[in-house]
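Structure data (mmCIF, C-alpha atoms and all ligand atoms) from coords_22.cif:
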```cif
data_query
#
loop_
_atom_site.label_atom_id
_atom_site.label_comp_id
_atom_site.auth_asym_id
_atom_site.auth_seq_id
_atom_site.Cartn_x
_atom_site.Cartn_y
_atom_site.Cartn_z
CA MET A 1 -41.80 42.79 -15.98
CA ALA A 2 -42.49 41.58 -19.53
CA PHE A 3 -39.75 39.99 -21.64
CA SER A 4 -39.55 43.14 -23.71
CA GLU A 5 -38.53 45.15 -20.62
CA ILE A 6 -35.69 42.90 -19.51
CA ILE A 7 -32.36 44.50 -20.23
CA GLY A 8 -29.73 42.82 -22.39
CA GLN A 9 -30.82 39.18 -22.46
CA GLU A 10 -32.15 39.08 -26.02
CA ASN A 11 -30.61 35.70 -26.81
CA ALA A 12 -31.97 33.91 -23.78
CA ILE A 13 -35.39 35.47 -24.29
CA LYS A 14 -35.46 34.52 -27.96
CA ILE A 15 -34.96 30.87 -27.00
CA LEU A 16 -37.74 31.04 -24.40
CA GLN A 17 -40.25 32.82 -26.60
CA ARG A 18 -39.66 30.40 -29.46
CA ALA A 19 -40.41 27.49 -27.11
CA LEU A 20 -43.55 29.27 -25.85
CA ARG A 21 -44.85 29.94 -29.38
CA HIS A 22 -44.29 26.37 -30.47
CA GLN A 23 -45.61 25.03 -27.17
CA ARG A 24 -42.41 23.15 -26.70
CA VAL A 25 -41.33 24.35 -23.29
CA PRO A 26 -39.14 21.63 -21.76
CA GLN A 27 -39.75 20.13 -18.32
CA ALA A 28 -36.63 21.69 -16.90
CA TYR A 29 -34.45 24.69 -17.63
CA LEU A 30 -31.12 25.71 -16.23
CA PHE A 31 -30.58 29.47 -16.24
CA ALA A 32 -26.87 30.13 -15.77
CA GLY A 33 -24.95 33.38 -15.54
CA ASP A 34 -23.43 35.90 -13.12
CA ASP A 35 -25.35 37.37 -10.21
CA GLY A 36 -27.45 40.37 -11.17
CA VAL A 37 -27.74 39.68 -14.91
CA GLY A 38 -31.49 39.00 -14.78
CA LYS A 39 -31.90 35.22 -14.47
CA LYS A 40 -34.50 35.21 -11.70
CA LEU A 41 -36.41 38.05 -13.28
CA THR A 42 -36.54 36.15 -16.58
CA ALA A 43 -37.63 32.97 -14.76
CA LEU A 44 -40.53 34.85 -13.18
CA THR A 45 -41.51 36.31 -16.53
CA LEU A 46 -41.45 32.83 -18.05
CA ALA A 47 -43.74 31.64 -15.23
CA LYS A 48 -46.10 34.50 -16.04
CA ALA A 49 -46.04 33.83 -19.78
CA LEU A 50 -46.80 30.15 -19.17
CA ASN A 51 -49.90 31.15 -17.23
CA CYS A 52 -50.89 34.48 -18.78
CA LYS A 53 -54.55 34.81 -19.70
CA GLU A 54 -53.96 37.21 -22.56
CA LEU A 55 -50.67 36.39 -24.19
CA GLN A 56 -49.02 33.17 -25.24
CA ASP A 57 -45.39 34.20 -25.46
CA ASP A 58 -45.02 36.98 -22.90
CA ALA A 59 -46.47 38.38 -19.67
CA CYS A 60 -49.26 40.87 -20.29
CA GLU A 61 -48.81 42.32 -16.77
CA ARG A 62 -52.55 43.10 -16.68
CA CYS A 63 -54.38 39.84 -16.15
CA GLY A 64 -55.16 38.29 -12.75
CA SER A 65 -52.58 35.55 -13.24
CA CYS A 66 -49.69 37.94 -14.00
CA HIS A 67 -50.73 40.08 -11.05
CA LYS A 68 -50.79 37.14 -8.64
CA ILE A 69 -47.33 36.02 -9.73
CA ASN A 70 -46.03 39.56 -9.24
CA ILE A 71 -47.23 39.62 -5.65
CA ALA A 72 -46.05 36.03 -5.05
CA SER A 73 -49.52 34.68 -4.36
CA HIS A 74 -50.14 32.43 -7.36
CA PRO A 75 -50.79 28.88 -6.10
CA ASP A 76 -49.09 27.27 -9.10
CA VAL A 77 -45.87 29.27 -9.12
CA ARG A 78 -43.32 28.71 -6.38
CA LEU A 79 -39.96 30.26 -5.72
CA ILE A 80 -37.62 27.97 -3.79
CA GLU A 81 -34.65 29.70 -2.16
CA PRO A 82 -31.95 28.59 0.27
CA ASP A 83 -33.26 28.19 3.79
CA GLY A 84 -30.23 29.58 5.57
CA GLN A 85 -27.15 28.50 3.65
CA PHE A 86 -28.63 25.59 1.76
CA ILE A 87 -31.65 24.36 -0.12
CA LYS A 88 -32.75 21.49 2.06
CA ILE A 89 -34.16 18.12 1.14
CA ASP A 90 -37.51 18.96 2.80
CA GLN A 91 -37.95 21.89 0.44
CA ILE A 92 -37.44 19.59 -2.56
CA ARG A 93 -39.79 16.98 -1.06
CA ASP A 94 -42.50 19.62 -0.61
CA MET A 95 -42.02 20.60 -4.23
CA GLN A 96 -42.32 16.97 -5.34
CA LYS A 97 -45.56 16.48 -3.44
CA ASP A 98 -46.99 19.62 -5.00
CA ALA A 99 -45.77 18.70 -8.49
CA GLY A 100 -47.86 15.53 -8.33
CA LEU A 101 -51.05 17.59 -8.21
CA LYS A 102 -52.84 19.23 -11.13
CA PRO A 103 -52.42 22.99 -11.54
CA PHE A 104 -54.79 24.73 -9.19
CA GLU A 105 -55.83 27.60 -11.44
CA GLY A 106 -53.10 28.10 -14.03
CA ARG A 107 -52.01 26.12 -17.09
CA ARG A 108 -48.62 25.02 -15.79
CA LYS A 109 -47.04 24.64 -12.41
CA VAL A 110 -43.72 26.42 -12.27
CA TYR A 111 -40.97 25.89 -9.69
CA ILE A 112 -38.09 28.33 -9.70
CA ILE A 113 -35.15 27.00 -7.70
CA ASP A 114 -32.94 30.01 -7.04
CA GLN A 115 -29.26 29.49 -6.17
CA ALA A 116 -29.72 25.86 -7.16
CA ASP A 117 -26.01 25.27 -6.49
CA THR A 118 -26.77 25.48 -2.76
CA MET A 119 -28.67 22.18 -2.88
CA ARG A 120 -26.91 19.61 -0.76
CA ALA A 121 -26.29 16.19 -2.28
CA GLU A 122 -29.42 14.59 -0.81
CA ALA A 123 -31.61 17.47 -2.05
CA ALA A 124 -30.04 17.28 -5.52
CA ASN A 125 -30.63 13.53 -5.63
CA ALA A 126 -34.26 14.00 -4.65
CA LEU A 127 -34.63 16.60 -7.39
CA LEU A 128 -33.11 14.17 -9.84
CA LYS A 129 -36.02 11.80 -9.28
CA THR A 130 -38.50 14.51 -10.27
CA LEU A 131 -36.45 15.32 -13.34
CA GLU A 132 -36.38 11.66 -14.33
CA GLU A 133 -40.14 11.28 -14.04
CA PRO A 134 -41.47 14.59 -15.30
CA THR A 135 -45.15 15.44 -15.40
CA ALA A 136 -46.53 17.33 -18.37
CA ASP A 137 -48.02 20.03 -16.16
CA CYS A 138 -44.89 21.32 -14.52
CA VAL A 139 -41.80 23.27 -15.44
CA ILE A 140 -38.77 23.46 -13.18
CA ILE A 141 -36.32 26.32 -13.61
CA LEU A 142 -32.95 26.01 -11.91
CA VAL A 143 -31.17 29.33 -11.47
CA THR A 144 -27.46 29.48 -10.70
CA ALA A 145 -24.33 31.58 -10.96
CA ASN A 146 -22.23 28.50 -10.41
CA VAL A 147 -23.03 25.73 -12.88
CA TYR A 148 -20.05 23.64 -11.86
CA ALA A 149 -21.41 23.10 -8.37
CA LEU A 150 -24.41 21.16 -9.75
CA LEU A 151 -24.52 17.40 -10.21
CA PRO A 152 -23.78 16.46 -13.83
CA THR A 153 -26.80 14.15 -13.78
CA VAL A 154 -28.98 17.15 -12.91
CA LEU A 155 -27.36 19.29 -15.60
CA SER A 156 -27.92 16.72 -18.31
CA ARG A 157 -31.67 16.75 -17.72
CA CYS A 158 -32.12 20.47 -18.08
CA GLN A 159 -32.14 22.69 -21.12
CA PHE A 160 -29.27 25.11 -20.65
CA VAL A 161 -29.90 28.83 -21.15
CA ARG A 162 -26.93 31.16 -20.75
CA PHE A 163 -27.26 34.69 -19.42
CA THR A 164 -24.41 37.06 -20.10
CA ALA A 165 -23.32 40.34 -18.54
CA LEU A 166 -24.35 43.30 -20.61
CA GLY A 167 -21.02 45.01 -20.98
CA VAL A 168 -20.18 48.42 -19.56
CA ASP A 169 -21.00 50.51 -22.66
CA LYS A 170 -24.43 49.11 -23.23
CA LEU A 171 -25.38 49.19 -19.56
CA ALA A 172 -24.16 52.78 -19.18
CA GLU A 173 -26.30 53.78 -22.13
CA LEU A 174 -29.34 52.08 -20.63
CA LEU A 175 -28.79 53.62 -17.19
CA GLN A 176 -28.64 57.02 -18.81
CA LYS A 177 -31.92 56.45 -20.59
CA ARG A 178 -33.86 54.63 -17.90
CA LEU A 179 -32.65 56.34 -14.75
CA ARG A 180 -31.79 59.66 -16.42
CA LEU A 181 -28.31 59.50 -14.95
CA MET A 182 -25.57 61.87 -16.13
CA PRO A 183 -23.27 60.06 -18.60
CA GLU A 184 -20.24 59.99 -16.28
CA ARG A 185 -22.26 58.65 -13.35
CA ALA A 186 -23.89 56.01 -15.54
CA ARG A 187 -20.45 54.94 -16.69
CA LEU A 188 -19.05 54.69 -13.15
CA ILE A 189 -21.98 52.59 -11.99
CA ALA A 190 -21.89 50.36 -15.08
CA SER A 191 -18.18 49.73 -14.51
CA LEU A 192 -18.53 49.01 -10.82
CA SER A 193 -21.39 46.59 -11.44
CA GLU A 194 -19.33 44.81 -14.11
CA GLY A 195 -22.11 45.17 -16.63
CA CYS A 196 -24.80 43.43 -14.53
CA PRO A 197 -28.06 45.40 -14.56
CA GLY A 198 -29.36 43.88 -11.30
CA ARG A 199 -26.28 45.06 -9.43
CA ALA A 200 -26.24 48.44 -11.16
CA LEU A 201 -29.84 49.16 -10.19
CA GLY A 202 -29.00 48.49 -6.56
CA MET A 203 -26.31 51.18 -6.50
CA ASP A 204 -26.80 54.75 -5.42
CA ALA A 205 -24.85 57.23 -7.54
CA ASP A 206 -24.71 59.97 -4.91
CA SER A 207 -23.38 57.83 -2.10
CA LEU A 208 -20.86 56.23 -4.46
CA LEU A 209 -19.47 59.62 -5.39
CA LYS A 210 -19.29 60.60 -1.73
CA GLN A 211 -17.35 57.43 -1.04
CA ARG A 212 -15.04 58.19 -3.92
CA ASP A 213 -14.31 61.67 -2.52
CA GLU A 214 -13.30 60.09 0.76
CA MET A 215 -11.13 57.57 -1.04
CA GLU A 216 -9.38 60.35 -2.94
CA ARG A 217 -8.66 62.22 0.29
CA LEU A 218 -7.16 59.10 1.80
CA LEU A 219 -5.00 58.49 -1.27
CA GLN A 220 -3.82 62.06 -1.14
CA ALA A 221 -2.73 61.57 2.43
CA ILE A 222 -0.82 58.37 1.80
CA SER A 223 0.71 59.40 -1.51
CA GLY A 224 2.26 62.55 -0.05
CA GLY A 225 4.74 60.47 1.90
CA LEU A 226 2.94 59.65 5.08
CA GLN A 227 4.71 60.82 8.22
CA ASP A 228 2.23 59.44 10.67
CA VAL A 229 0.87 55.89 10.33
CA ARG A 230 -1.95 56.76 12.70
CA VAL A 231 -3.80 58.23 9.70
CA ILE A 232 -4.06 54.68 8.36
CA PHE A 233 -5.37 53.20 11.56
CA THR A 234 -7.96 55.94 11.96
CA GLN A 235 -9.10 55.37 8.40
CA VAL A 236 -9.34 51.61 8.84
CA GLU A 237 -11.32 52.11 12.01
CA ARG A 238 -13.77 54.30 10.14
CA LEU A 239 -14.10 51.81 7.30
CA THR A 240 -14.65 48.82 9.54
CA ASP A 241 -17.00 50.72 11.79
CA THR A 242 -19.93 51.20 9.41
CA LYS A 243 -23.01 50.02 11.20
CA ASP A 244 -25.10 48.04 8.69
CA ASP A 245 -22.94 45.71 6.66
CA LYS A 246 -19.26 46.10 7.31
CA LYS A 247 -18.13 43.61 4.71
CA ASP A 248 -20.30 45.09 1.96
CA ALA A 249 -19.06 48.60 2.70
CA ILE A 250 -15.47 47.42 2.49
CA HIS A 251 -16.05 45.55 -0.75
CA ASP A 252 -17.58 48.71 -2.24
CA PHE A 253 -14.55 50.69 -1.10
CA LEU A 254 -12.10 48.15 -2.56
CA ASP A 255 -14.02 48.05 -5.86
CA LEU A 256 -13.85 51.83 -6.11
CA LEU A 257 -10.14 51.72 -5.41
CA LEU A 258 -9.54 48.94 -7.94
CA VAL A 259 -11.39 50.77 -10.69
CA TRP A 260 -9.51 53.96 -9.77
CA TYR A 261 -6.10 52.29 -10.18
CA ARG A 262 -7.27 50.46 -13.28
CA ASP A 263 -8.22 53.82 -14.79
CA MET A 264 -4.82 55.26 -13.87
CA LEU A 265 -3.04 52.34 -15.55
CA LEU A 266 -5.18 52.74 -18.63
CA LEU A 267 -4.40 56.45 -18.88
CA HIS A 268 -0.71 55.85 -18.15
CA GLU A 269 -0.47 53.39 -21.01
CA GLY A 270 -2.30 55.67 -23.43
CA GLY A 271 -5.46 53.55 -23.54
CA ASP A 272 -8.76 54.78 -24.92
CA PRO A 273 -10.13 57.42 -22.49
CA ARG A 274 -13.63 56.22 -23.33
CA LEU A 275 -12.82 53.08 -21.35
CA VAL A 276 -12.12 55.07 -18.19
CA ALA A 277 -14.83 54.39 -15.60
CA ASN A 278 -14.17 57.56 -13.60
CA SER A 279 -14.51 59.63 -16.75
CA ASP A 280 -15.48 62.78 -14.85
CA ALA A 281 -12.21 62.54 -12.92
CA ILE A 282 -9.84 62.25 -15.89
CA PRO A 283 -8.31 65.72 -15.33
CA ARG A 284 -7.28 64.62 -11.83
CA LEU A 285 -6.40 61.05 -12.75
CA LYS A 286 -4.08 61.82 -15.63
CA PRO A 287 -1.37 63.75 -13.67
CA LEU A 288 -1.57 61.17 -10.86
CA ALA A 289 -1.02 58.39 -13.39
CA ASP A 290 1.86 60.19 -15.07
CA ALA A 291 3.65 60.66 -11.75
CA LEU A 292 4.02 56.90 -11.33
CA THR A 293 5.67 54.18 -13.41
CA ALA A 294 3.64 51.39 -14.97
CA ALA A 295 5.28 48.93 -12.56
CA GLN A 296 4.26 51.04 -9.57
CA LEU A 297 0.70 51.36 -10.85
CA ARG A 298 0.51 47.63 -11.31
CA ARG A 299 1.78 47.10 -7.77
CA LEU A 300 -0.94 49.42 -6.43
CA PHE A 301 -3.63 47.59 -8.41
CA GLU A 302 -2.39 44.14 -7.44
CA THR A 303 -2.15 45.07 -3.76
CA VAL A 304 -5.82 46.04 -3.70
CA TYR A 305 -6.82 43.03 -5.79
CA GLN A 306 -5.02 40.66 -3.45
CA THR A 307 -6.65 42.25 -0.41
CA LYS A 308 -10.06 41.74 -1.96
CA GLN A 309 -9.28 38.07 -2.55
CA ASP A 310 -8.00 37.68 1.02
CA ILE A 311 -11.17 39.20 2.43
CA LEU A 312 -13.30 36.91 0.27
CA ARG A 313 -11.38 34.05 1.85
CA ASN A 314 -12.32 35.41 5.28
CA ALA A 315 -9.11 37.15 6.24
CA ASN A 316 -9.37 39.46 9.25
CA LEU A 317 -10.89 42.66 7.86
CA GLN A 318 -9.03 45.17 9.95
CA LEU A 319 -5.67 43.50 9.55
CA ALA A 320 -6.09 43.00 5.79
CA LEU A 321 -6.94 46.69 5.31
CA GLU A 322 -4.06 47.90 7.45
CA VAL A 323 -1.61 45.73 5.56
CA MET A 324 -3.04 46.97 2.29
CA LEU A 325 -2.79 50.66 3.16
CA ILE A 326 0.77 50.23 4.44
CA SER A 327 1.74 48.43 1.20
CA LEU A 328 0.18 51.20 -0.88
CA THR A 329 2.06 53.79 1.17
CA GLU A 330 5.31 51.95 0.46
CA VAL A 331 4.77 52.20 -3.28
CA TYR A 332 4.26 55.95 -3.00
CA ASN A 333 7.25 56.27 -0.68
CA ASP A 334 9.47 54.48 -3.22
CA ARG A 335 8.42 56.99 -5.80
CA ASN A 336 9.00 59.94 -3.49
CA ARG A 337 12.46 58.69 -2.57
CA TRP A 338 13.35 58.25 -6.23
CA ARG A 339 12.15 61.78 -6.93
CA GLU A 340 14.34 63.22 -4.16
CA VAL A 341 17.37 61.37 -5.49
CA SER A 342 16.87 62.64 -9.01
CA ALA A 343 16.18 66.18 -7.77
CA ASN A 344 19.46 66.12 -5.81
CA ARG A 345 21.35 64.88 -8.85
CA GLN A 346 19.99 67.66 -10.97
CA SER A 347 21.00 70.28 -8.43
CA VAL A 348 24.60 68.99 -8.27
ZN ZN A 401 -51.10 38.15 -18.13
#
```
If you convert what's in this file into C-alpha cells, what do you get?
Ligand SMILES: [Zn+2]
Amino acid sequence: MAFSEIIGQENAIKILQRALRHQRVPQAYLFAGDDGVGKKLTALTLAKALNCKELQDDACERCGSCHKINIASHPDVRLIEPDGQFIKIDQIRDMQKDAGLKPFEGRRKVYIIDQADTMRAEAANALLKTLEEPTADCVIILVTANVYALLPTVLSRCQFVRFTALGVDKLAELLQKRLRLMPERARLIASLSEGCPGRALGMDADSLLKQRDEMERLLQAISGGLQDVRVIFTQVERLTDTKDDKKDAIHDFLDLLLVWYRDMLLLHEGGDPRLVANSDAIPRLKPLADALTAAQLRRLFETVYQTKQDILRNANLQLALEVMLISLTEVYNDRNRWREVSANRQSV
C-alpha cells in the first residue's frame, strides 16, 4: 500500500515523506499509537519507499523491490515480531549481525520491530548498542502501542512519530466509500473499532448485526423482570461455548453491550442523535432509554464496563458474566418494582 492509500495518518506521513525527499531519514524511528491505527502498514510503506526503484518518497507498488517487500521476501527488509510473548535477545542479536552487512540489493536495510514493548530488558539493552552505533545503511523502526513500557534510553535515540485514531465520523465515512457499507453499518463498525481502521477492517458487519440481535433478545428477557435465572445460565453457557476464540467472542459481546447502553444514555440525556452508534436502532433505543432513569442507565453501563475490566485482568469468564447479568437484572427489577408502586398509588 502506498502512503497515499493509508487512511487517516496524514500528519505522520507528512513527516516521513519530508524526510525521504530531503534524504534525511533518521537511523531510528518510534511509531507510537493504538493498535489498528496503521503503524505497521506505514512502517512497511516506508521500507518500500526507502528501496523503491521508481519513486523517492513513496512506494510505487510496481517495481521488483516493492513487490518483494509485499511478499516478505526482500533480503534487506526484516520484520521482527514477538517470538511467543516476548522479543528475545537472540532476535536482536541476529538483527545486529545482519545490520553490520551492506544492503544485499536495496539502498537501505530496514528493520521493523513490531510490538517493541515486548522486548525484555536484555533485548532492549542489546538494541541500545545498535542505536548508539548506527550504520548509515540501516533504518530501525520500533512500533508500539505502549510507549511507556520502553526504556527511556531507547526512546531518546528514536525520532518519535505519533499515530492517532481516526475518529468515528471520519472512519465511518471512509468505510462507506471504500467498502460500500450502508451508512448505519459503517457507523456501528467505526464506533466499535474506536476509530481504528485496522480493527474496523477486521470486522464483519453481518455477523455483528446478528450478534446484536441476540443481545437485544437477551436484554428483553432480563428487562421484563426475569422469573427464572436459568435463562442467564443458559445464555452464559452459549457465550462461553463458542469454539474458536472464547475470549474474543465475549469481548465483542461486551463491546456491543457497552455501546448499546452508551447510546441509550446519550438519547436519554438529549445528546446529538448523530453520535449514536446504533443509529439504525434509534426507534427501539429511544423508548428503552426513556423507561429508565439516568442513574439506572449509568449503573447498567458501569456494570458492563467493570466486567470488561475484570475479564481483562483474567477473572473467571463464566463467573464474571453470570455476576454481570444478575446485576443488570437487578437494575431492571428495581425499575419494575418502582413502576408497580407508582401504578398502585395512582389506582388508589
Ligand atoms: Zn517501487
Contact residues around range 24-39 of chain A with all atoms listed in the file at 8 Å, ignoring same-chain residues under 3 positions, as an MDAnalysis selection string = chainID A and resid 6:7 9 16 19:21 42:43 131 134:136 138:147 155 157:166 196:199
Can you tell me how far CA of Ala277 in chain A sits from CA of Ile250 in chain A, in Å to one decimal?
->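 Separating CA of Ala277 in chain A from CA of Ile250 in chain A is a distance of 19.4 Å.
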Protein and nucleic residues near ligand ZN 401 (chain A), 6 Å, only C-alpha atoms and all ligand atoms, as a ChimeraX atom specification = /A:52-54,59-63,65-66
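Between CA of Asn125 in chain A and CA of Lys109 in chain A there is a distance of 20.9 Å.
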For Ala205 in chain A: contacts at 7 Å, all atoms listed in the file, fewer than 3 positions along chain excluded, given as an NGL selection string = :A and (185 or 208-209)
Near Ser223 in chain A, within 10 Å and counting all atoms listed in the file, which residues show up once chain neighbours fewer than 2 positions away are dropped, as a ChimeraX atom specification?
-> /A:217-221,225-226,288,328-333,335-336
Test item: residues at most 12 Å from Glu302 in chain A, all atoms listed in the file, excluding those fewer than 4 positions along its chain, as a PyMOL selection string | chain A and resi 254+257-259+261-262+265+295-298+306-309+324+327-328+331
I need the residues from that last selection saved to file as a PDB file, in the coordinates of the input (with C-alpha atoms), if you can.
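Listed below is the output, result-v7.pdb:
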```pdb
ATOM      1  CA  LEU A 254     -12.100  48.150  -2.560  1.00  0.00           C
ATOM      2  CA  LEU A 257     -10.140  51.720  -5.410  1.00  0.00           C
ATOM      3  CA  LEU A 258      -9.540  48.940  -7.940  1.00  0.00           C
ATOM      4  CA  VAL A 259     -11.390  50.770 -10.690  1.00  0.00           C
ATOM      5  CA  TYR A 261      -6.100  52.290 -10.180  1.00  0.00           C
ATOM      6  CA  ARG A 262      -7.270  50.460 -13.280  1.00  0.00           C
ATOM      7  CA  LEU A 265      -3.040  52.340 -15.550  1.00  0.00           C
ATOM      8  CA  ALA A 295       5.280  48.930 -12.560  1.00  0.00           C
ATOM      9  CA  GLN A 296       4.260  51.040  -9.570  1.00  0.00           C
ATOM     10  CA  LEU A 297       0.700  51.360 -10.850  1.00  0.00           C
ATOM     11  CA  ARG A 298       0.510  47.630 -11.310  1.00  0.00           C
ATOM     12  CA  GLN A 306      -5.020  40.660  -3.450  1.00  0.00           C
ATOM     13  CA  THR A 307      -6.650  42.250  -0.410  1.00  0.00           C
ATOM     14  CA  LYS A 308     -10.060  41.740  -1.960  1.00  0.00           C
ATOM     15  CA  GLN A 309      -9.280  38.070  -2.550  1.00  0.00           C
ATOM     16  CA  MET A 324      -3.040  46.970   2.290  1.00  0.00           C
ATOM     17  CA  SER A 327       1.740  48.430   1.200  1.00  0.00           C
ATOM     18  CA  LEU A 328       0.180  51.200  -0.880  1.00  0.00           C
ATOM     19  CA  VAL A 331       4.770  52.200  -3.280  1.00  0.00           C
TER      20      VAL A 331
END
```
